[in-house]
file my_file.txt (compact mmCIF, C-alpha atoms)
# COMPACT_ATOMS: atom_id res chain seq x y z
CA VAL A 1 -6.83 -12.54 -5.44
CA VAL A 2 -10.02 -11.10 -6.92
CA ASP A 3 -10.21 -8.49 -4.17
CA HIS A 4 -6.66 -7.44 -5.07
CA ILE A 5 -7.49 -7.33 -8.79
CA VAL A 6 -10.59 -5.20 -8.34
CA GLY A 7 -8.89 -2.92 -5.81
CA TYR A 8 -5.83 -2.47 -8.01
CA LEU A 9 -7.94 -1.67 -11.06
CA ALA A 10 -10.03 0.86 -9.12
CA ALA A 11 -6.89 2.49 -7.71
CA ASN A 12 -5.62 2.83 -11.27
CA GLY A 13 -8.66 4.60 -12.63
CA VAL A 14 -10.73 1.67 -13.86
CA SER A 15 -14.39 2.27 -13.05
CA HIS A 16 -16.10 -0.42 -15.15
CA ILE A 17 -15.61 -4.09 -15.96
CA PHE A 18 -17.65 -5.50 -18.85
CA GLY A 19 -18.34 -9.19 -19.10
CA VAL A 20 -20.44 -12.28 -18.65
CA ASP A 21 -20.39 -14.12 -15.34
CA GLY A 22 -19.44 -17.77 -15.47
CA ALA A 23 -17.92 -20.73 -13.67
CA ASN A 24 -14.30 -19.62 -13.49
CA ILE A 25 -14.73 -15.84 -13.21
CA GLU A 26 -17.71 -15.45 -10.86
CA ASP A 27 -15.62 -14.46 -7.83
CA LEU A 28 -14.42 -11.37 -9.71
CA TYR A 29 -18.01 -10.18 -10.05
CA ASP A 30 -18.60 -10.79 -6.35
CA ALA A 31 -15.54 -8.68 -5.50
CA ALA A 32 -16.75 -5.84 -7.76
CA TYR A 33 -20.24 -5.98 -6.24
CA PHE A 34 -18.91 -5.13 -2.79
CA ARG A 35 -17.04 -2.00 -3.96
CA ASP A 36 -18.50 1.43 -4.59
CA ASP A 37 -15.69 2.56 -6.90
CA ILE A 38 -16.06 -0.04 -9.67
CA THR A 39 -19.08 -1.30 -11.57
CA ALA A 40 -19.45 -4.70 -13.23
CA VAL A 41 -21.59 -4.35 -16.35
CA LEU A 42 -23.07 -7.67 -17.43
CA ALA A 43 -23.47 -8.28 -21.15
CA LYS A 44 -25.54 -10.99 -22.78
CA HIS A 45 -22.57 -12.36 -24.73
CA GLU A 46 -18.80 -12.23 -24.34
CA PHE A 47 -18.31 -10.74 -27.82
CA SER A 48 -20.57 -7.88 -26.76
CA ALA A 49 -18.58 -7.44 -23.55
CA ALA A 50 -15.28 -7.30 -25.48
CA THR A 51 -16.66 -4.69 -27.87
CA MET A 52 -18.12 -2.73 -24.94
CA ALA A 53 -14.65 -2.61 -23.36
CA ASP A 54 -13.18 -1.56 -26.72
CA GLY A 55 -15.78 1.17 -27.19
CA TYR A 56 -15.33 2.40 -23.64
CA SER A 57 -11.62 2.77 -24.23
CA ARG A 58 -12.09 4.41 -27.66
CA SER A 59 -14.48 6.96 -26.12
CA GLY A 60 -11.71 8.21 -23.85
CA ALA A 61 -13.55 7.18 -20.67
CA GLY A 62 -10.62 5.02 -19.51
CA ILE A 63 -9.11 1.66 -20.21
CA GLY A 64 -11.67 -0.94 -21.19
CA VAL A 65 -11.73 -4.13 -19.12
CA VAL A 66 -13.50 -7.31 -20.19
CA ALA A 67 -13.94 -10.39 -18.00
CA ALA A 68 -15.01 -13.83 -19.17
CA THR A 69 -14.89 -17.41 -18.03
CA SER A 70 -12.70 -20.03 -19.65
CA GLY A 71 -13.77 -22.39 -22.42
CA GLY A 72 -16.43 -21.18 -24.81
CA GLY A 73 -16.88 -17.91 -22.93
CA CYS A 74 -13.32 -16.79 -23.50
CA LEU A 75 -13.42 -17.93 -27.12
CA ASN A 76 -16.25 -15.46 -27.70
CA THR A 77 -13.96 -12.55 -26.74
CA VAL A 78 -11.41 -13.30 -29.48
CA PRO A 79 -13.02 -11.32 -32.35
CA GLY A 80 -13.42 -8.24 -30.15
CA LEU A 81 -9.85 -8.50 -28.88
CA ALA A 82 -8.60 -8.97 -32.44
CA GLU A 83 -10.26 -5.70 -33.45
CA SER A 84 -8.73 -3.96 -30.42
CA LEU A 85 -5.34 -5.29 -31.49
CA ALA A 86 -5.78 -4.19 -35.10
CA SER A 87 -6.84 -0.71 -34.00
CA ARG A 88 -4.36 -0.50 -31.10
CA VAL A 89 -7.11 0.11 -28.55
CA PRO A 90 -6.11 -0.39 -24.90
CA VAL A 91 -8.14 -3.23 -23.38
CA LEU A 92 -7.45 -5.52 -20.44
CA ALA A 93 -9.00 -9.00 -20.67
CA LEU A 94 -9.38 -11.06 -17.51
CA ILE A 95 -10.03 -14.68 -18.41
CA GLY A 96 -10.98 -17.19 -15.75
CA GLN A 97 -9.44 -20.63 -15.66
CA ALA A 98 -9.99 -23.94 -13.95
CA PRO A 99 -7.77 -24.63 -10.91
CA THR A 100 -4.21 -25.37 -12.06
CA THR A 101 -4.21 -28.60 -10.05
CA LEU A 102 -6.74 -29.91 -12.60
CA ASP A 103 -4.74 -28.96 -15.72
CA GLY A 104 -5.02 -31.71 -18.30
CA HIS A 105 -7.31 -33.85 -16.16
CA GLY A 106 -10.64 -33.06 -17.82
CA ALA A 107 -11.64 -30.07 -15.70
CA PHE A 108 -14.64 -28.09 -16.91
CA GLN A 109 -13.44 -25.55 -19.51
CA ASP A 110 -9.73 -26.36 -19.03
CA THR A 111 -7.65 -23.88 -21.05
CA SER A 112 -4.22 -25.06 -19.87
CA GLY A 113 -3.24 -26.65 -23.17
CA ASP A 114 -2.31 -29.83 -21.32
CA ASN A 115 -3.40 -33.30 -22.46
CA GLY A 116 -5.35 -32.05 -25.49
CA SER A 117 -7.21 -29.18 -23.78
CA LEU A 118 -7.56 -25.76 -25.39
CA ASP A 119 -4.32 -23.77 -25.16
CA GLY A 120 -5.60 -20.40 -23.97
CA HIS A 121 -2.13 -18.85 -23.84
CA ALA A 122 -1.44 -19.68 -27.49
CA LEU A 123 -4.87 -18.46 -28.54
CA PHE A 124 -4.75 -15.12 -26.71
CA SER A 125 -1.11 -14.45 -27.58
CA ALA A 126 -2.27 -14.14 -31.20
CA VAL A 127 -4.73 -11.32 -30.39
CA SER A 128 -2.85 -9.36 -27.73
CA VAL A 129 0.23 -7.28 -27.06
CA TYR A 130 0.69 -9.06 -23.71
CA CYS A 131 -0.53 -12.45 -22.52
CA ARG A 132 0.28 -14.25 -19.29
CA ARG A 133 -1.26 -17.15 -17.43
CA VAL A 134 -1.40 -16.49 -13.71
CA LEU A 135 -0.27 -19.73 -12.07
CA THR A 136 -0.03 -18.72 -8.40
CA PRO A 137 -1.82 -16.08 -6.33
CA ALA A 138 1.48 -14.23 -5.81
CA ASP A 139 1.94 -13.87 -9.60
CA ILE A 140 -0.92 -11.38 -9.79
CA LEU A 141 1.19 -8.84 -7.88
CA THR A 142 3.55 -8.42 -10.84
CA GLU A 143 1.47 -9.60 -13.78
CA LEU A 144 -1.51 -7.29 -13.25
CA PRO A 145 0.60 -4.08 -13.29
CA GLU A 146 2.54 -5.40 -16.30
CA ALA A 147 -0.67 -6.22 -18.16
CA LEU A 148 -2.22 -2.84 -17.45
CA ALA A 149 0.96 -1.05 -18.56
CA ALA A 150 1.13 -3.16 -21.73
CA ALA A 151 -2.50 -2.43 -22.62
CA ARG A 152 -1.90 1.27 -22.20
CA THR A 153 0.77 1.09 -24.92
CA GLY A 154 -2.05 0.25 -27.36
CA GLY A 155 -3.76 -3.09 -27.70
CA PRO A 156 -5.23 -5.83 -25.57
CA ALA A 157 -3.45 -7.42 -22.65
CA VAL A 158 -4.77 -10.77 -21.44
CA LEU A 159 -4.46 -12.42 -18.03

call {"tool": "encode", "arguments": {"input": "my_file.txt", "output": "structure tokens"}}
result
Amino acid sequence: VVDHIVGYLAANGVSHIFGVDGANIEDLYDAAYFRDDITAVLAKHEFSAATMADGYSRSGAGIGVVAATSGGGCLNTVPGLAESLASRVPVLALIGQAPTTLDGHGAFQDTSGDNGSLDGHALFSAVSVYCRRVLTPADILTELPEALAAARTGGPAVL
């Protein structure tokens, strides 16, 4: 799935992904590392990564992409995404999640919203023009193009 994501983004003109590596997003950074046409830029904090993606997009260099892990990492992107929404800046946010088989069972940084866990979909829907939770590997085939198209209309899209 991460190889498809990185390949699709590169094929659609994305040359940089800004973010902080973490438990549920680390495979994305591995996929980017093995490609010559996309660069993962590591920030010290997820808020910084979100504002880097925003600034990249505002500069006209291309759509800004931010990647963060679930839990506290993704929460740190919210202020940056909120500013992108308010200013209608195209940004794609890729948020990692714990395996869906562990939803509501106390998984590390569970953002499913089940059994008292953080509801990532509700949270990110408030700061985006498009928000979807990818539940199966096949879903990425339709949801990634939809998210990228939505972001390009002006504002953050979150997967």

call {"tool": "atom_distance", "arguments": {"input": "my_file.txt", "atom1": "CA of Ala86 in chain A", "atom2": "CA of Phe124 in chain A"}}
result
13.8 Å

call {"tool": "residues_around", "arguments": {"input": "my_file.txt", "residues": "Gly62 in chain A", "least_positions_apart": "6", "cutoff": "9 Å", "atoms": "only C-alpha atoms", "output": "ChimeraX atom specification"}}
result
/A:13-16,56,90

call {"tool": "residues_around", "arguments": {"input": "my_file.txt", "residues": "Asp3 in chain A", "least_positions_apart": "4", "cutoff": "10 Å", "atoms": "only C-alpha atoms", "output": "MDAnalysis selection string"}}
result
chainID A and resid 7:9 27:32 34:35

call {"tool": "write_last_selection", "arguments": {"input": "my_file.txt", "atoms": "C-alpha atoms", "output": "CSV table (one decimal), in the frame of the given file"}}
result
chain,number,residue,atom,x,y,z
A,7,GLY,CA,-8.9,-2.9,-5.8
A,8,TYR,CA,-5.8,-2.5,-8.0
A,9,LEU,CA,-7.9,-1.7,-11.1
A,27,ASP,CA,-15.6,-14.5,-7.8
A,28,LEU,CA,-14.4,-11.4,-9.7
A,29,TYR,CA,-18.0,-10.2,-10.0
A,30,ASP,CA,-18.6,-10.8,-6.4
A,31,ALA,CA,-15.5,-8.7,-5.5
A,32,ALA,CA,-16.8,-5.8,-7.8
A,34,PHE,CA,-18.9,-5.1,-2.8
A,35,ARG,CA,-17.0,-2.0,-4.0

call {"tool": "axis_aligned_box", "arguments": {"input": "my_file.txt", "around": "range 61-73 of chain A", "padding_each_side": "6 Å", "output": "AutoDock Vina command-line options"}}
result
--center_x -13.0 --center_y -7.6 --center_z -21.4 --size_x 19.8 --size_y 41.6 --size_z 18.8

call {"tool": "atom_distance", "arguments": {"input": "my_file.txt", "atom1": "CA of Asp21 in chain A", "atom2": "CA of Ser87 in chain A"}}
result
26.7 Å

call {"tool": "closest_residue", "arguments": {"input": "my_file.txt", "among": "A:Ser48, A:Thr39, A:Gln97, A:Ser84", "to": "Asp119 in chain A", "atoms": "only C-alpha atoms"}}
result
A:Gln97

call {"tool": "residues_near_point", "arguments": {"input": "my_file.txt", "point": "(-7.3, -29.0, -18.8)", "cutoff": "12 Å", "atoms": "only C-alpha atoms", "output": "PyMOL selection string"}}
result
chain A and resi 70-71+97-120

call {"tool": "residues_around", "arguments": {"input": "my_file.txt", "residues": "Ile25 in chain A", "least_positions_apart": "5", "cutoff": "8 Å", "atoms": "all atoms listed in the file", "output": "MDAnalysis selection string"}}
result
chainID A and resid 67:70 95:97
